[in-house]
Amino acid sequence: MKQFSATIRGNYPLSTGFFELEFTWDKAAPLPEPGRFFTVRVSDNTIPLLRRPFAFSAFDGNEGTASMIFQKRGHGTGLLSAKHKGDTLDIIGPLGQPFPMPDKGKKALLVAGGIGLGPIAFLAQTLRKEKIPVSMVFGCRTASLIPSGDSLAASGTVICTDDGSRGFKGTAGDYLKSIERSVGSGTVVYACGPQPMLKTCHEFAGRRGCACFVSVEQIMACGVGACMGCAVKSAGGGYKRACTEGPVFNSRELQW
Amino acid sequence: MKQFSATIRGNYPLSTGFFELEFTWDKAAPLPEPGRFFTVRVSDNTIPLLRRPFAFSAFDGNEGTASMIFQKRGHGTGLLSAKHKGDTLDIIGPLGQPFPMPDKGKKALLVAGGIGLGPIAFLAQTLRKEKIPVSMVFGCRTASLIPSGDSLAASGTVICTDDGSRGFKGTAGDYLKSIERSVGSGTVVYACGPQPMLKTCHEFAGRRGCACFVSVEQIMACGVGACMGCAVKSAGGGYKRACTEGPVFNSRELQW
Amino acid sequence: MSMDLRIKIGNKILPNPVGVASGTFGYGGEYEKLIDLAKLGAIYTKAVTLEPREGNEIPRIVETPSGILNSIGLANVGVTRFLSEKLPALAKLPCAVVANVAGATEAEYMAVVERLESAAQLWGYEINVSCPNVKHGGMAFGTDPQQIERLTKKIRALTKRPLIVKCTPNVTDITVIAKAAEAGGADAVSCINTLVGMVIDTAAKRPVLPAGTGGLSGPAVRPVGVAMTYRVSRAVSIPVIGIGGIMTADDAIQYLLAGASAVQVGTGTFVDPSIPVKVLEGIVEYCKIEKIASIKELHSRFSQP
Amino acid sequence: MSMDLRIKIGNKILPNPVGVASGTFGYGGEYEKLIDLAKLGAIYTKAVTLEPREGNEIPRIVETPSGILNSIGLANVGVTRFLSEKLPALAKLPCAVVANVAGATEAEYMAVVERLESAAQLWGYEINVSCPNVKHGGMAFGTDPQQIERLTKKIRALTKRPLIVKCTPNVTDITVIAKAAEAGGADAVSCINTLVGMVIDTAAKRPVLPAGTGGLSGPAVRPVGVAMTYRVSRAVSIPVIGIGGIMTADDAIQYLLAGASAVQVGTGTFVDPSIPVKVLEGIVEYCKIEKIASIKELHSRFSQP
Ligand SMILES: Cc1cc2nc3c(=O)[nH]c(=O)nc-3n(C[C@H](O)[C@H](O)[C@H](O)COP(=O)(O)OP(=O)(O)OC[C@H]3O[C@@H](n4cnc5c(N)ncnc54)[C@H](O)[C@@H]3O)c2cc1C
Ligand SMILES: Cc1cc2nc3c(=O)[nH]c(=O)nc-3n(C[C@H](O)[C@H](O)[C@H](O)COP(=O)(O)OP(=O)(O)OC[C@H]3O[C@@H](n4cnc5c(N)ncnc54)[C@H](O)[C@@H]3O)c2cc1C
Ligand SMILES: Cc1cc2nc3c(=O)[nH]c(=O)nc-3n(C[C@H](O)[C@H](O)[C@H](O)COP(=O)(O)O)c2cc1C
Ligand SMILES: Cc1cc2nc3c(=O)[nH]c(=O)nc-3n(C[C@H](O)[C@H](O)[C@H](O)COP(=O)(O)O)c2cc1C
Ligand code: FES
Ligand code: FES
């Protein structure tokens, strides 16, 4: 990990309330990997106070830029959405554990919900480069939340909307159920999105006998393992730190 | 007084660190007068928390706009300096007491230092409209702090710089001493600027037997007379509220 | 169905739960042109003492991160001028007018209340036993439960009007203070007053406030106020009035859920005088959405940890 | 002439006055890649207890205006693993390593210190008698001067190393606590720990933290920390370590002028890990401009109100 000042290369609206932010990645910092994250100090003053964590959505080694996809949720992401090309960002990263690559010969089933799209899209790109078969599912509430641009559709991603305004009608979890029989132990499930979706994926993977890796969200104070603030419940009792042992966990390690 | 949302018409740099901000003045609010002030909520969040007080530097009845001249000093004025045409401002005003007009037949000697320029320039304009003879002195540290545009020079203002880089070398107070003998009880002194300058004006006026009105600065919490936070020491012992009995006082009412 | 906003305190009813805090609203008139005072549940006046007081040395205010530190002292016109100059205008308002009473001795508190009893227009009293800005006076009472109970009893004997005791947060256990007030016959307790704080001017190498310390208020202290309101509400069976850092309806609802029956907005009014009215509107809106019919029901909807 | 940054506490010397506060810096290694640990005056470890502790229910952190509220509890690896896993790496650092010690009983505190005495690399102890997040434990000690004095005496008998007692701000008079620690033989007191606070989720209608209350830290509490440091510095003759809301050198200098001999940065490190080092650089710069040669001289330049 490294702390550095990045320069924003672009901040593009993707869909209602969603943005893609591209920024320079310091050459001396380790390279971004899918599932790992970084923290940003969003304000110079004390509102909001804590750094905000975001997952990488892409890394372009030639350009030396990293990207994230974020949703405007509160004050911090509101400030980020108002940033422009040329503005600087105080970054610490990369942090946490990446998604592990599937064992040889396995294929990957990727499931993203809402702001989970960033790390899952990055993972899809990386797996495809490694020639690993990927199917991808993206769920959101309604069509206006589907990122513009045709990267999702072009990659053959199955799109699910809760209200049926585009693609499969229902949640990503509903969709998984509809394809349940076609998935077996030769598949590794990767998921990032709201807690209920992650739980559905975990249970689905359990029933189908396949491994499942999830990326979890928790409020973070330090982001580097020092404060025990980001604890999540572990399957064996006790807690694990989302920022250090996670944010990616084998879903069997967690208490659901 | 009235609370309203004003729209910024322009925010122009005047000199190093100084700006002139022009904004719409609500039709239902009483009209700005020289010496009176208004408060602005500079931030939507809680940093900085309190509203900031500023004196009017002009009022254009035809355009329905008021202006202020301000200096970037800290966080609040820093935020104001970054505002653009079209942005809105939460304003309360007009507040406090204006400069009183001189008695019939008297002439006015106006003394401004630094951010005191706004209200003094407004007063000069108003007095000239009333055909009252005005001489004006403006003091600042160095030439780069003299507002651009030629309004000051055109109006025959005597410019003093501490370092002599323009006009009279010395403070506005030094200049007053240099013209001491030519001033008598037929003159009313009006001053706004740093405390030592106000004190010099008060003593000067005492020696010359003329009335002296000063506009004082004090940290304000409410701005409307409710909190007793803006107290200044009064000549008779005790305190007066800068926001309500002031900010303009007959200098003899204050303890120096 | 619309919400029942009324709150009973002692033998009287507040029209709604949102008041403006003592010392931040003068004697009401100052804000008359800016907001519709008729919409306020109560105006708590600046502290009234027996004699006029000039207040503390200047400067008296300094900003802190998300807060302010004040050292006003008990600057006020004294009970005589309060009755002759300030109360007549206040009395015309439809909202409850609560006199915030302060003194250096028990006798002074009692003398002020005795004088105020003559004014039919006053709704009730808030006894300020907790001003951190007065050296010999309020603070001593504020931290000693025995003195609080005795003072409350003595004032109780003087009046049938609602009697509110305002608690200081600068104590080890605020519930002890609140219980002492209840035992002395208070009809309600309000909390919190300001926290003791200091800001130092590192260029001048001395405290910004000549008094050294001042009272910290504003959003910075809100979590402390909510925690104390929560604890006090569980310790006493009289109504609690929550104060400290309220800027939005959500902040006020936190106090109400924590157990407060009413709230006061202080520093927030400086920042935007429309806050007290917006807070009330927001509470009404919240209760409508949540189908809550009264403050009592709001209390019952809180999931205790 | 360059400034003498050293600070004597008990029988040892801190290389400089800027440390990192317990619970916000883990066991040091976590921040190793981000800052030069050798520049720190001291690392105060996360609390060490006799047995490992899982800590409190989740979530454990919530933001407040210019502050954070935490309910970590004493989540730590326990003294055995502290000695075997954490201390060896810590011991390689040139800065002082101070173990923050906590327990539920006097016996537990003593057992932890006895075990830690075996580790030659430890610089000293900070006794955490003030964690607001532990129900049966720290808090009881923290507010009772007699217990503080007795506990300090007992630990004093076990060690010659610098012994620092960390005071809670959640008391009526923090000087009583500090004096009790001094009477018990403490070499220094540190203040402040966190203030008790609560944030309520108005949609869920329950406290955000499952424990109900948590500990408030960050810039919001800085004025409270400075005021308490000021009062404690005048009440005891041992060194005082100032803590609470330090984000800049100016903040730290306020504590030093108020009478602190050293400071700790806590929440500030979360916001920007370079803050502790920048704070030290800023103190040095200030003293250079002001021609101040030592922390003692800084104290003498303060104009008391
Ligand atoms: C490892 C990790 C990776 C993440 N990746 C992304 C991403 O790629 N894109 C994206 O849009 N968001 C991501 N998030 C969530 C993102 O951190 C929050 O949306 C952001 O912090 C909200 O800040 P705010 O000030 O706008 O909202 P606030 O007003 O602070 O809160 C709005 C909501 O966000 C939640 N939240 C606030 N702070 C955090 C935090 N530190 N961690 C988690 N949740 C928080 C709050 O509980 C609340 O529900 C990630 C979170 C984690 C922990
Ligand atoms: C009646 C009145 C009229 C004023 N008119 C003007 C004007 O026309 N143009 C102009 O540039 N400035 C004017 N000021 C001063 C202006 O209010 C301050 O410069 C401004 O509040 C500083 O805010 P800040 O956040 O940028 O600075 P901060 O970081 O808060 O402080 C910077 C400096 O400004 C002083 N200051 C901060 N708040 C106030 C306050 N409320 N009142 C007075 N001083 C303060 C501080 O003590 C400090 O020295 C006036 C002040 C008063 C009381
Ligand atoms: C400038 C100022 C003056 C105050 N004067 C008084 C007072 O006279 N009597 C009193 O009981 N409380 C006084 N207070 C305390 C407030 O009534 C209130 O308890 C405190 O400010 C916390 O609320 P807030 O955070 O909403 O301001 C004063 C507060 C401020 C900021
Ligand atoms: C997440 C967190 C954990 C803490 N854990 C401890 C602890 O284990 N022992 C202790 O004495 N203080 C602990 N503290 C208190 C800090 O050491 C410090 O006293 C307090 O946070 C005030 O300083 P700050 O405002 O700079 O953070 C903790 C504080 C935080 C924010
Ligand atoms: S955020 Fe501090 S340990 Fe994970
Ligand atoms: S600023 Fe409140 S009385 Fe003047």
# chains A, B, ... in the order shown; residues from 1 in each chain; ligands from 1
$ residues_near_ligand --ligand "ligand 3" --cutoff "7 Å" --atoms "only C-alpha atoms and all ligand atoms" --output "JSON, numbers by chain"
{"B": [227, 229], "C": [21, 22, 23, 24, 46, 47, 68, 70, 72, 74, 100, 128, 130, 131, 166, 191, 192, 193, 194, 217, 218, 219, 221, 222, 243, 244, 245, 246, 264, 265, 266, 267, 268]}
$ residues_around --residues "Val171 (chain D)" --least-positions-apart "3" --cutoff "6 Å" --atoms "only C-alpha atoms" --output "ChimeraX atom specification"
/C:171-172 /D:174
$ write_last_selection --atoms "N, CA, C and O atoms" --output "PDB file, in the first residue's frame"
ATOM      1  N   VAL C 171     -20.514  16.382  34.276  1.00  0.00           N
ATOM      2  CA  VAL C 171     -20.562  15.607  35.514  1.00  0.00           C
ATOM      3  C   VAL C 171     -20.323  14.136  35.197  1.00  0.00           C
ATOM      4  O   VAL C 171     -20.479  13.705  34.062  1.00  0.00           O
ATOM      5  N   THR C 172     -19.977  13.399  36.233  1.00  0.00           N
ATOM      6  CA  THR C 172     -19.701  11.967  36.063  1.00  0.00           C
ATOM      7  C   THR C 172     -20.981  11.222  35.711  1.00  0.00           C
ATOM      8  O   THR C 172     -20.984  10.343  34.866  1.00  0.00           O
TER       9      THR C 172
ATOM     10  N   ILE D 174     -11.925  16.286  36.419  1.00  0.00           N
ATOM     11  CA  ILE D 174     -10.843  15.406  35.974  1.00  0.00           C
ATOM     12  C   ILE D 174      -9.576  15.594  36.804  1.00  0.00           C
ATOM     13  O   ILE D 174      -8.761  14.679  36.907  1.00  0.00           O
TER      14      ILE D 174
END
$ select_by_dssp --residues "region 149-228 of chain C" --states "alpha helix (DSSP H)" --output "PyMOL selection string"
chain C and resi 149-156+174-183+222-228
$ write_last_selection --atoms "C-alpha atoms" --output "tab-separated table (two decimals), in the first residue's frame"
chain	number	residue	atom	x	y	z
C	149	GLU	CA	-32.55	18.99	45.28
C	150	ARG	CA	-32.68	21.66	47.95
C	151	LEU	CA	-32.75	24.52	45.46
C	152	THR	CA	-35.47	22.80	43.44
C	153	LYS	CA	-37.57	22.26	46.59
C	154	LYS	CA	-37.25	25.89	47.58
C	155	ILE	CA	-38.28	27.13	44.15
C	156	ARG	CA	-41.05	24.52	43.98
C	174	ILE	CA	-25.99	13.19	34.84
C	175	THR	CA	-28.76	10.86	36.02
C	176	VAL	CA	-27.85	11.63	39.63
C	177	ILE	CA	-28.41	15.32	38.95
C	178	ALA	CA	-31.67	14.70	37.10
C	179	LYS	CA	-32.96	12.46	39.87
C	180	ALA	CA	-32.12	15.11	42.45
C	181	ALA	CA	-34.16	17.63	40.45
C	182	GLU	CA	-37.05	15.17	40.26
C	183	ALA	CA	-36.85	14.52	43.99
C	222	ARG	CA	-24.92	16.36	19.63
C	223	PRO	CA	-23.81	12.76	20.29
C	224	VAL	CA	-23.09	13.70	23.91
C	225	GLY	CA	-26.50	15.35	24.28
C	226	VAL	CA	-28.32	12.37	22.79
C	227	ALA	CA	-26.46	9.91	25.05
C	228	MET	CA	-27.26	11.96	28.15
$ residues_around --residues "Thr77 (chain A)" --least-positions-apart "2" --cutoff "12 Å" --atoms "only C-alpha atoms" --output "list in words"
Gly17, Phe18, Phe19, Glu20, Leu21, Val40, Arg41, Val42, Ser43, Pro48, Arg51, Arg52, Pro53, Phe54, Ile69, Phe70, Gln71, Lys72, Arg73, Gly74, His75, Leu79, Leu80, Ser81, Ala82 and Lys83 of chain A
$ interface_residues --of "chain C" --to "chain B" --cutoff "6 Å" --atoms "only C-alpha atoms" --output "list in words"
Gly23, Thr24, Phe25, Gly26, Glu30, Leu34, Glu54, Arg60, Ile61, Ser66, Phe270 and Val271 of chain C
$ write_last_selection --atoms "C-alpha atoms" --output "PDB file, in the first residue's frame"
ATOM      1  CA  GLY C  23     -29.170  32.488  25.506  1.00  0.00           C
ATOM      2  CA  THR C  24     -29.518  31.912  21.787  1.00  0.00           C
ATOM      3  CA  PHE C  25     -32.804  33.689  21.206  1.00  0.00           C
ATOM      4  CA  GLY C  26     -32.475  36.783  23.362  1.00  0.00           C
ATOM      5  CA  GLU C  30     -34.708  39.860  18.031  1.00  0.00           C
ATOM      6  CA  LEU C  34     -37.122  36.517  10.534  1.00  0.00           C
ATOM      7  CA  GLU C  54     -22.622  43.013  31.922  1.00  0.00           C
ATOM      8  CA  ARG C  60     -16.884  35.994  23.764  1.00  0.00           C
ATOM      9  CA  ILE C  61     -17.238  33.602  20.836  1.00  0.00           C
ATOM     10  CA  SER C  66     -18.642  21.890  14.010  1.00  0.00           C
ATOM     11  CA  PHE C 270     -27.568  31.355  14.681  1.00  0.00           C
ATOM     12  CA  VAL C 271     -26.670  29.372  11.579  1.00  0.00           C
TER      13      VAL C 271
END
$ residues_around --residues "Glu285 (chain D)" --least-positions-apart "4" --cutoff "12 Å" --atoms "only C-alpha atoms" --output "PyMOL selection string"
chain D and resi 2-3+5+249-250+253+278-281+289-293
$ atom_distance --atom1 "CA of Lys27 (chain B)" --atom2 "atom 5 (N, counted along the ligand's line) of ligand 2"
22.2 Å
